[in-house]
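Structure, as structure tokens:
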Amino acid sequence: MTYSRIVGTGGYLPAQIVTNQDLESRIETSDEWVFQRTGIRSRRVAAEGELTSDLAVQASLRAMEMAGVAAADIDLIVVATTTPDIVFPSTACILQRKLGVKRGAAFDVQAVCTGFVYALAVADKFVASGQSKCALVVGAEVFSRLLDWTDRRTCVLFGDGAGAVVLKPSDETGILSTHLHAEGDQGDILCVPGSVHGGEHVGHPFVQMDGQAVFRFAVRALDQVCRETVEHNGIQGSDIDWLVPHQANIRIIVATAQKLGLPPERVVTTLEHQGNTSAASVPLALDVAVRDGRIQPGHLVMLEAVGGGMTWGSALLRW
């Protein structure tokens with residue numbers, strides 16, 4: 001049996017740091033208020049003119065360097081993003097051009113904060129089936145451009161960044177399973193209900209969120225998909241070496257880990273100084289834990305995320 005296996009990871013954050021103290025001068029908030037409710041102290045914000053594809057390029061090059069692959073080796077690019085550079089071509093096609101990749105498919109996946117898990121699941125099927133020999137999977141966002149910076153309920157939560165992985169086929173176990181879900185009936189609790197029509201934006205162009213409803217949904221959905229994952233693979237939650245969760249809210253992360261029976265020291269968190277980078281948060285956290293040596297060969301790693309749609313999903317990996 002052929003598996004797809006992650007052979008390289010990469011991450012990139014914009015240079016500009018916006019702290020909670022910085023936001024105190026713009027809106028009625030405080031560092032203590034934000035940190036206690038979310039676990040966030042600062043986030044990165046893209047520079048003027050810095051695009052989603054620009055962040056994706058940097059994360060991709062770092063993943064490719066770790067994997068020891070060149071542009072000529074890549075035959076599939078899947079980009080998860082809610083903030084594409086333009087309406088079309090896709091950010092994946094723009095990334096393909098910027099990297100100098102000349103073959104294979106390139107397309108975007110839109111599942112908001114669950115986007116990277118969705119994209120990884122899609123690429124896994126291509127690689128494990130033999131249709132792709134070297135896939136680049138990216139989560140990249142400039143979410144700051146969807147924020148109303150006068151709305152303290154949302155602007156304190158999000159940041160910009162990109163994370164990437166390279167997948168190649170392997171006879172050894174790699175991605176063991178992926179589990180994807182969506183519940184469109186809940187789409188209005190977290191959304192940007194705007195569009196472009198006749199050269200004008202129609203509807204509301206900024207993030208709208210019912211925080212309490214999203215929190216309740218996230219705790220329930222993540223518990224469900226984590227249980228589904230361990231049962232599907234015939235393991236216990238305590239068998240997992242590392243949980244790499246979507247970095248949305250520290251209380252959601254802690255609740256999910258507790259339900260799996262995992263102590264905090266086996267959970268990878270980057271939330272405090274990155275905020276919620278949407279589709280980029282899982283690959284960014286994975287890259288940090290790989291590069292600092294926490295994740296080692298043979299470790300069992302669970303990725304999980306929940307996002308607007310509402311969407312949620314997981315992936316179980318043998319590193």
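Ligands are numbered from 1 in the order shown, residues from 1 within each chain, and chains are lettered A, B, ... in the order they appear in the structure tokens.
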Excluding A:Cys113 and any residue of its chain fewer than 3 positions from it, enumerate the residues within 12 Å of it, using only C-alpha atoms, and give them as a PyMOL selection string. chain A and resi 80-83+109-110+116-119+139-141+143+158-159+190-191+218+245-248+276-283+304-314
Using only C-alpha atoms, which residues sit within 10 Å of stretch 149-154 of chain A once same-chain residues fewer than 5 positions away are excluded, as a list in words? Leu23, Glu24, Arg26, Ile27, Glu28, Thr29, Val34, Ser144, Phe206, Val207, Gln208, Met209, Asp210 and Gly211 of chain A
Got time to write the residues from that selection, N, CA and C atoms, as a short mmCIF file (atom, residue, chain, number, x, y, z; two decimals), in the first residue's frame?
data_model
loop_
_atom_site.label_atom_id
_atom_site.label_comp_id
_atom_site.auth_asym_id
_atom_site.auth_seq_id
_atom_site.Cartn_x
_atom_site.Cartn_y
_atom_site.Cartn_z
N LEU A 23 -3.48 47.87 19.94
CA LEU A 23 -4.91 47.96 19.66
C LEU A 23 -5.65 48.81 20.69
N GLU A 24 -5.07 48.94 21.87
CA GLU A 24 -5.69 49.75 22.91
C GLU A 24 -5.89 51.20 22.47
N ARG A 26 -6.69 52.07 19.47
CA ARG A 26 -7.67 52.13 18.38
C ARG A 26 -9.09 51.82 18.84
N ILE A 27 -9.19 50.87 19.78
CA ILE A 27 -10.50 50.38 20.21
C ILE A 27 -10.53 50.25 21.73
N GLU A 28 -11.73 50.07 22.25
CA GLU A 28 -11.88 49.89 23.69
C GLU A 28 -11.56 48.44 24.05
N THR A 29 -10.32 48.20 24.44
CA THR A 29 -9.89 46.86 24.81
C THR A 29 -8.65 47.00 25.68
N VAL A 34 -8.09 40.77 26.23
CA VAL A 34 -7.91 39.92 25.06
C VAL A 34 -7.24 38.61 25.44
N SER A 144 -6.14 40.07 7.76
CA SER A 144 -6.26 41.44 8.29
C SER A 144 -7.07 42.33 7.36
N PHE A 206 -16.66 42.73 5.76
CA PHE A 206 -15.81 42.39 6.90
C PHE A 206 -16.33 41.17 7.64
N VAL A 207 -15.44 40.57 8.43
CA VAL A 207 -15.81 39.39 9.22
C VAL A 207 -16.92 39.74 10.20
N GLN A 208 -17.93 38.88 10.22
CA GLN A 208 -18.98 38.95 11.22
C GLN A 208 -18.99 37.62 11.98
N MET A 209 -19.11 37.69 13.29
CA MET A 209 -19.02 36.47 14.09
C MET A 209 -19.90 36.55 15.32
N ASP A 210 -20.65 35.47 15.55
CA ASP A 210 -21.36 35.28 16.81
C ASP A 210 -20.44 34.45 17.69
N GLY A 211 -19.67 35.12 18.53
CA GLY A 211 -18.59 34.46 19.26
C GLY A 211 -19.05 33.29 20.11
#
At a cut-off of 9 Å, using only C-alpha atoms, what residues contact A:Ala59? Leave out same-chain residues fewer than 6 positions from it and give the result as a compact mmCIF listing (two decimals) with N, CA, C and O atoms, in the first residue's frame.
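out36.txt, written as the output of this step:
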# COMPACT_ATOMS: atom_id res chain seq x y z
N THR A 9 8.31 20.84 5.74
CA THR A 9 7.38 21.85 6.22
C THR A 9 8.04 23.22 6.14
O THR A 9 9.26 23.35 6.17
N GLY A 10 7.21 24.25 6.04
CA GLY A 10 7.73 25.61 6.01
C GLY A 10 6.70 26.59 6.50
O GLY A 10 5.48 26.33 6.40
N GLY A 11 7.15 27.70 7.04
CA GLY A 11 6.24 28.73 7.52
C GLY A 11 6.80 30.11 7.26
O GLY A 11 8.02 30.29 7.11
N TYR A 12 5.91 31.08 7.20
CA TYR A 12 6.33 32.47 7.01
C TYR A 12 5.34 33.40 7.67
O TYR A 12 4.11 33.24 7.52
N LEU A 13 5.86 34.41 8.38
CA LEU A 13 5.05 35.44 9.01
C LEU A 13 5.50 36.81 8.53
O LEU A 13 6.71 37.05 8.42
N VAL A 138 -0.49 24.30 0.74
CA VAL A 138 -0.23 25.56 1.40
C VAL A 138 -1.50 26.10 2.04
O VAL A 138 -2.58 26.03 1.46
N ALA A 140 -2.51 29.86 3.36
CA ALA A 140 -1.98 31.23 3.36
C ALA A 140 -3.11 32.23 3.46
O ALA A 140 -4.14 32.09 2.78
N GLY A 161 -0.36 35.10 7.73
CA GLY A 161 0.77 34.18 7.66
C GLY A 161 0.54 33.10 6.63
O GLY A 161 -0.51 33.05 5.97
N ALA A 162 1.53 32.24 6.49
CA ALA A 162 1.44 31.11 5.55
C ALA A 162 2.24 29.93 6.09
O ALA A 162 3.29 30.11 6.70
N GLY A 163 1.72 28.75 5.84
CA GLY A 163 2.41 27.51 6.16
C GLY A 163 2.28 26.54 5.00
O GLY A 163 1.29 26.59 4.26
N ALA A 164 3.28 25.69 4.81
CA ALA A 164 3.27 24.78 3.66
C ALA A 164 3.87 23.44 4.04
O ALA A 164 4.70 23.35 4.96
N VAL A 165 3.46 22.40 3.30
CA VAL A 165 4.08 21.08 3.42
C VAL A 165 4.28 20.51 2.02
O VAL A 165 3.57 20.88 1.08
N LEU A 284 1.49 26.33 10.07
CA LEU A 284 2.47 27.13 10.80
C LEU A 284 2.86 26.45 12.12
O LEU A 284 4.04 26.37 12.46
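Residues in contact with A:Arg251 at 8 Å, where only C-alpha atoms are counted and same-chain residues fewer than 5 positions away are skipped, are listed as A:Arg37, A:Thr38, A:Gly39.
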Take the residues from that selection and put them in a file with N, CA and C atoms, as a PDB file, in the first residue's frame.
ATOM      1  N   ARG A  37      -9.394  35.999  27.379  1.00  0.00           N
ATOM      2  CA  ARG A  37     -10.486  35.402  26.619  1.00  0.00           C
ATOM      3  C   ARG A  37     -10.034  34.581  25.421  1.00  0.00           C
ATOM      4  N   THR A  38      -8.817  34.856  24.937  1.00  0.00           N
ATOM      5  CA  THR A  38      -8.383  34.197  23.707  1.00  0.00           C
ATOM      6  C   THR A  38      -7.032  33.504  23.802  1.00  0.00           C
ATOM      7  N   GLY A  39      -6.137  33.993  24.654  1.00  0.00           N
ATOM      8  CA  GLY A  39      -4.767  33.491  24.690  1.00  0.00           C
ATOM      9  C   GLY A  39      -3.844  34.213  23.732  1.00  0.00           C
TER      10      GLY A  39
END
Nearest to A:Ala70 by atom-to-atom distance, counting only C-alpha atoms, from A:Ala123, A:Leu147, A:Ile40, A:Val101: A:Val101
If you measure from atom CA of A:Gln296 to atom CA of A:Asp75, what distance in Å do you get, rounded to one decimal? 27.2 Å
Would you pick out the contacts of A:Gln96 at 10 Å or less, using only C-alpha atoms, so that residues sharing its chain but fewer than 5 positions from it are not included, and give the list as a list in words?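 The neighbour list is Ser53, Val57, Ala71, Ile74, Asp75, Leu76, Ile77, Val78, Ser90, Thr91, Val101, Lys102, Arg103, Gly104, Ala105, Ala106, Phe107 and Leu136 of chain A.
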Which residues are close to A:Asp124, i.e. within 12 Å by only C-alpha atoms, leaving aside same-chain residues fewer than 6 positions away? Reply as a ChimeraX atom specification. /A:2-6,76-78,116-118,130-137,165-170,174-179,315-317
Mind giving me the straight-line distance from atom CA of A:Cys93 to atom CA of A:Glu200 in Å, one decimal?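 Between atom CA of A:Cys93 and atom CA of A:Glu200 the gap is 25.0 Å.
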What residues in stretch 95-314 of chain A get the DSSP label strand (DSSP E)? Please answer as a ChimeraX atom specification. /A:105-109,135-142,160-170,175-182,190-191,194-197,200-203,208-209,242-245,300-307,311-314
Give the answer as one residue: which of A:Gly293, A:Pro264, A:Gly68, A:Gly187 has the shortest atom-to-atom distance to A:Ala213, using only C-alpha atoms?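 Ranked by minimum distance to A:Ala213, first place goes to A:Gly187.
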Any idea what the distance is between atom CA of A:Leu262 and atom CA of A:Phe215? 20.2 Å
Using DSSP on the backbone, list every residue of stretch 65-305 of chain A that comes out as alpha helix (DSSP H), and give them as a ChimeraX atom specification. /A:65-67,91-99,115-128,211-232,250-260,271-274,281-291
Writing out the chosen residues with C-alpha atoms as a tab-separated table (two decimals), in the first residue's frame:
chain	number	residue	atom	x	y	z
A	65	GLU	CA	14.22	23.25	0.98
A	66	MET	CA	13.52	20.88	3.89
A	67	ALA	CA	12.10	18.28	1.50
A	91	THR	CA	-3.78	31.93	-5.81
A	92	ALA	CA	-2.44	28.43	-6.52
A	93	CYS	CA	-1.86	29.32	-10.18
A	94	ILE	CA	-0.21	32.60	-9.19
A	95	LEU	CA	1.98	30.67	-6.73
A	96	GLN	CA	2.83	28.15	-9.44
A	97	ARG	CA	4.07	30.98	-11.67
A	98	LYS	CA	6.07	32.67	-8.90
A	99	LEU	CA	7.77	29.40	-7.94
A	115	GLY	CA	-8.89	24.97	4.69
A	116	PHE	CA	-5.45	23.42	5.20
A	117	VAL	CA	-6.92	20.17	6.52
A	118	TYR	CA	-9.25	20.05	3.51
A	119	ALA	CA	-6.36	20.79	1.13
A	120	LEU	CA	-4.16	18.15	2.77
A	121	ALA	CA	-6.95	15.57	2.45
A	122	VAL	CA	-7.32	16.33	-1.26
A	123	ALA	CA	-3.58	16.17	-1.95
A	124	ASP	CA	-3.30	12.96	0.08
A	125	LYS	CA	-5.71	11.25	-2.32
A	126	PHE	CA	-3.71	12.42	-5.36
A	127	VAL	CA	-0.41	11.19	-3.95
A	128	ALA	CA	-1.59	7.93	-2.37
A	211	GLY	CA	-18.59	34.46	19.26
A	212	GLN	CA	-20.61	32.37	21.71
A	213	ALA	CA	-22.23	30.32	18.94
A	214	VAL	CA	-18.88	29.71	17.27
A	215	PHE	CA	-17.32	28.65	20.57
A	216	ARG	CA	-20.11	26.14	21.29
A	217	PHE	CA	-20.00	24.77	17.75
A	218	ALA	CA	-16.21	24.44	17.76
A	219	VAL	CA	-16.04	22.53	21.03
A	220	ARG	CA	-18.74	20.10	19.88
A	221	ALA	CA	-17.42	19.64	16.34
A	222	LEU	CA	-13.80	19.10	17.36
A	223	ASP	CA	-14.76	16.61	20.04
A	224	GLN	CA	-16.78	14.69	17.44
A	225	VAL	CA	-14.08	14.62	14.76
A	226	CYS	CA	-11.31	13.71	17.23
A	227	ARG	CA	-13.38	10.78	18.52
A	228	GLU	CA	-14.12	9.76	14.93
A	229	THR	CA	-10.42	9.81	14.13
A	230	VAL	CA	-9.22	7.72	17.05
A	231	GLU	CA	-12.05	5.19	16.62
A	232	HIS	CA	-11.37	4.88	12.89
A	250	ILE	CA	-6.87	28.79	23.89
A	251	ARG	CA	-10.01	27.67	25.69
A	252	ILE	CA	-11.15	25.66	22.67
A	253	ILE	CA	-7.68	24.12	22.34
A	254	VAL	CA	-7.57	23.14	26.03
A	255	ALA	CA	-11.10	21.68	25.94
A	256	THR	CA	-10.26	19.53	22.91
A	257	ALA	CA	-7.03	18.24	24.44
A	258	GLN	CA	-8.76	17.39	27.71
A	259	LYS	CA	-11.41	15.35	25.91
A	260	LEU	CA	-8.63	13.40	24.18
A	271	LEU	CA	-1.63	31.36	19.29
A	272	GLU	CA	-0.07	33.80	21.75
A	273	HIS	CA	2.11	35.60	19.21
A	274	GLN	CA	0.38	34.72	15.92
A	281	SER	CA	-2.54	28.22	11.49
A	282	VAL	CA	-2.23	24.42	11.38
A	283	PRO	CA	0.76	24.25	8.98
A	284	LEU	CA	2.47	27.13	10.80
A	285	ALA	CA	2.14	25.29	14.13
A	286	LEU	CA	3.26	22.01	12.53
A	287	ASP	CA	6.35	23.69	11.09
A	288	VAL	CA	7.31	25.16	14.47
A	289	ALA	CA	7.07	21.77	16.20
A	290	VAL	CA	9.01	19.99	13.45
A	291	ARG	CA	11.80	22.55	13.39
Shell around stretch 14-20 of chain A at 8 Å using only C-alpha atoms, local window under 6 positions removed, as a PDB file with all heavy atoms, in the first residue's frame:
ATOM      1  N   SER A  30      -8.131  45.860  26.142  1.00  0.00           N
ATOM      2  CA  SER A  30      -6.897  45.844  26.912  1.00  0.00           C
ATOM      3  C   SER A  30      -6.189  44.520  26.687  1.00  0.00           C
ATOM      4  O   SER A  30      -6.808  43.523  26.291  1.00  0.00           O
ATOM      5  CB  SER A  30      -7.185  46.016  28.411  1.00  0.00           C
ATOM      6  OG  SER A  30      -7.834  44.862  28.929  1.00  0.00           O
ATOM      7  N   ASP A  31      -4.894  44.525  26.944  1.00  0.00           N
ATOM      8  CA  ASP A  31      -4.123  43.293  26.806  1.00  0.00           C
ATOM      9  C   ASP A  31      -4.694  42.201  27.698  1.00  0.00           C
ATOM     10  O   ASP A  31      -4.851  41.047  27.273  1.00  0.00           O
ATOM     11  CB  ASP A  31      -2.662  43.566  27.158  1.00  0.00           C
ATOM     12  CG  ASP A  31      -1.812  42.307  27.121  1.00  0.00           C
ATOM     13  OD1 ASP A  31      -1.684  41.709  26.042  1.00  0.00           O
ATOM     14  OD2 ASP A  31      -1.303  41.903  28.174  1.00  0.00           O
ATOM     15  N   VAL A  34      -8.089  40.775  26.231  1.00  0.00           N
ATOM     16  CA  VAL A  34      -7.907  39.921  25.058  1.00  0.00           C
ATOM     17  C   VAL A  34      -7.237  38.608  25.439  1.00  0.00           C
ATOM     18  O   VAL A  34      -7.674  37.521  25.044  1.00  0.00           O
ATOM     19  CB  VAL A  34      -7.074  40.649  23.975  1.00  0.00           C
ATOM     20  CG1 VAL A  34      -6.783  39.706  22.804  1.00  0.00           C
ATOM     21  CG2 VAL A  34      -7.803  41.891  23.491  1.00  0.00           C
ATOM     22  N   ARG A  41      -1.648  37.574  22.487  1.00  0.00           N
ATOM     23  CA  ARG A  41      -1.006  38.828  22.902  1.00  0.00           C
ATOM     24  C   ARG A  41      -0.587  39.686  21.708  1.00  0.00           C
ATOM     25  O   ARG A  41      -0.510  40.910  21.812  1.00  0.00           O
ATOM     26  CB  ARG A  41       0.217  38.543  23.769  1.00  0.00           C
ATOM     27  CG  ARG A  41      -0.126  37.986  25.146  1.00  0.00           C
ATOM     28  CD  ARG A  41       1.001  38.202  26.115  1.00  0.00           C
ATOM     29  NE  ARG A  41       0.736  37.574  27.402  1.00  0.00           N
ATOM     30  CZ  ARG A  41       0.028  38.132  28.389  1.00  0.00           C
ATOM     31  NH1 ARG A  41      -0.509  39.335  28.220  1.00  0.00           N
ATOM     32  NH2 ARG A  41      -0.146  37.499  29.525  1.00  0.00           N
ATOM     33  N   SER A  42      -0.307  39.043  20.572  1.00  0.00           N
ATOM     34  CA  SER A  42       0.093  39.799  19.381  1.00  0.00           C
ATOM     35  C   SER A  42      -0.207  38.971  18.148  1.00  0.00           C
ATOM     36  O   SER A  42      -0.474  37.772  18.231  1.00  0.00           O
ATOM     37  CB  SER A  42       1.574  40.169  19.428  1.00  0.00           C
ATOM     38  OG  SER A  42       2.391  39.016  19.407  1.00  0.00           O
ATOM     39  N   ARG A  43      -0.143  39.636  16.991  1.00  0.00           N
ATOM     40  CA  ARG A  43      -0.372  38.976  15.719  1.00  0.00           C
ATOM     41  C   ARG A  43       0.466  39.684  14.659  1.00  0.00           C
ATOM     42  O   ARG A  43       0.922  40.820  14.861  1.00  0.00           O
ATOM     43  CB  ARG A  43      -1.854  38.954  15.325  1.00  0.00           C
ATOM     44  CG  ARG A  43      -2.475  40.270  14.938  1.00  0.00           C
ATOM     45  CD  ARG A  43      -2.752  41.234  16.070  1.00  0.00           C
ATOM     46  NE  ARG A  43      -3.739  40.711  17.027  1.00  0.00           N
ATOM     47  CZ  ARG A  43      -3.721  40.977  18.309  1.00  0.00           C
ATOM     48  NH1 ARG A  43      -2.773  41.767  18.828  1.00  0.00           N
ATOM     49  NH2 ARG A  43      -4.619  40.490  19.126  1.00  0.00           N
ATOM     50  N   ARG A  44       0.682  39.017  13.516  1.00  0.00           N
ATOM     51  CA  ARG A  44       1.425  39.615  12.411  1.00  0.00           C
ATOM     52  C   ARG A  44       0.445  40.136  11.356  1.00  0.00           C
ATOM     53  O   ARG A  44      -0.588  39.497  11.096  1.00  0.00           O
ATOM     54  CB  ARG A  44       2.360  38.593  11.766  1.00  0.00           C
ATOM     55  CG  ARG A  44       3.395  37.999  12.719  1.00  0.00           C
ATOM     56  CD  ARG A  44       4.391  39.035  13.211  1.00  0.00           C
ATOM     57  NE  ARG A  44       5.443  38.415  14.007  1.00  0.00           N
ATOM     58  CZ  ARG A  44       6.642  38.101  13.533  1.00  0.00           C
ATOM     59  NH1 ARG A  44       6.950  38.355  12.270  1.00  0.00           N
ATOM     60  NH2 ARG A  44       7.542  37.535  14.312  1.00  0.00           N
ATOM     61  N   VAL A  45       0.810  41.247  10.737  1.00  0.00           N
ATOM     62  CA  VAL A  45      -0.044  41.863   9.723  1.00  0.00           C
ATOM     63  C   VAL A  45       0.786  42.139   8.478  1.00  0.00           C
ATOM     64  O   VAL A  45       1.887  42.702   8.564  1.00  0.00           O
ATOM     65  CB  VAL A  45      -0.678  43.166  10.245  1.00  0.00           C
ATOM     66  CG1 VAL A  45      -1.438  43.891   9.150  1.00  0.00           C
ATOM     67  CG2 VAL A  45      -1.612  42.858  11.415  1.00  0.00           C
ATOM     68  N   ALA A  46       0.280  41.740   7.328  1.00  0.00           N
ATOM     69  CA  ALA A  46       0.996  41.920   6.068  1.00  0.00           C
ATOM     70  C   ALA A  46       1.184  43.397   5.745  1.00  0.00           C
ATOM     71  O   ALA A  46       0.335  44.235   6.059  1.00  0.00           O
ATOM     72  CB  ALA A  46       0.234  41.229   4.935  1.00  0.00           C
ATOM     73  N   ALA A  47       2.284  43.702   5.096  1.00  0.00           N
ATOM     74  CA  ALA A  47       2.579  45.073   4.685  1.00  0.00           C
ATOM     75  C   ALA A  47       1.688  45.464   3.519  1.00  0.00           C
ATOM     76  O   ALA A  47       1.125  44.606   2.804  1.00  0.00           O
ATOM     77  CB  ALA A  47       4.048  45.192   4.277  1.00  0.00           C
ATOM     78  N   LEU A  55       3.218  35.594   0.702  1.00  0.00           N
ATOM     79  CA  LEU A  55       3.439  34.819   1.920  1.00  0.00           C
ATOM     80  C   LEU A  55       3.594  33.334   1.574  1.00  0.00           C
ATOM     81  O   LEU A  55       4.448  32.638   2.131  1.00  0.00           O
ATOM     82  CB  LEU A  55       2.278  35.006   2.891  1.00  0.00           C
ATOM     83  CG  LEU A  55       1.846  36.429   3.250  1.00  0.00           C
ATOM     84  CD1 LEU A  55       0.794  36.390   4.358  1.00  0.00           C
ATOM     85  CD2 LEU A  55       3.016  37.282   3.671  1.00  0.00           C
ATOM     86  N   VAL A 156      -9.269  41.674  17.151  1.00  0.00           N
ATOM     87  CA  VAL A 156      -8.225  41.207  18.072  1.00  0.00           C
ATOM     88  C   VAL A 156      -7.843  39.750  17.820  1.00  0.00           C
ATOM     89  O   VAL A 156      -6.839  39.273  18.354  1.00  0.00           O
ATOM     90  CB  VAL A 156      -8.674  41.361  19.545  1.00  0.00           C
ATOM     91  CG1 VAL A 156      -8.982  42.815  19.859  1.00  0.00           C
ATOM     92  CG2 VAL A 156      -9.883  40.480  19.853  1.00  0.00           C
ATOM     93  N   ASP A 160      -2.022  37.361   9.993  1.00  0.00           N
ATOM     94  CA  ASP A 160      -1.653  36.934   8.644  1.00  0.00           C
ATOM     95  C   ASP A 160      -0.457  35.976   8.703  1.00  0.00           C
ATOM     96  O   ASP A 160       0.376  36.064   9.608  1.00  0.00           O
ATOM     97  CB  ASP A 160      -1.274  38.148   7.790  1.00  0.00           C
ATOM     98  CG  ASP A 160      -2.400  39.170   7.690  1.00  0.00           C
ATOM     99  OD1 ASP A 160      -3.568  38.780   7.845  1.00  0.00           O
ATOM    100  OD2 ASP A 160      -2.095  40.357   7.438  1.00  0.00           O
ATOM    101  N   GLY A 161      -0.363  35.100   7.727  1.00  0.00           N
ATOM    102  CA  GLY A 161       0.769  34.182   7.663  1.00  0.00           C
ATOM    103  C   GLY A 161       0.545  33.104   6.634  1.00  0.00           C
ATOM    104  O   GLY A 161      -0.508  33.053   5.970  1.00  0.00           O
TER     105      GLY A 161
END
Go through A:Ala56, A:Leu180, A:Ala63, A:Leu157 one by one, measure the shortest atom-to-atom distance of each to A:Ala111 using only C-alpha atoms, and give the residue with the smallest value.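 Looking only at the distances to A:Ala111, the closest residue turns out to be A:Leu180.
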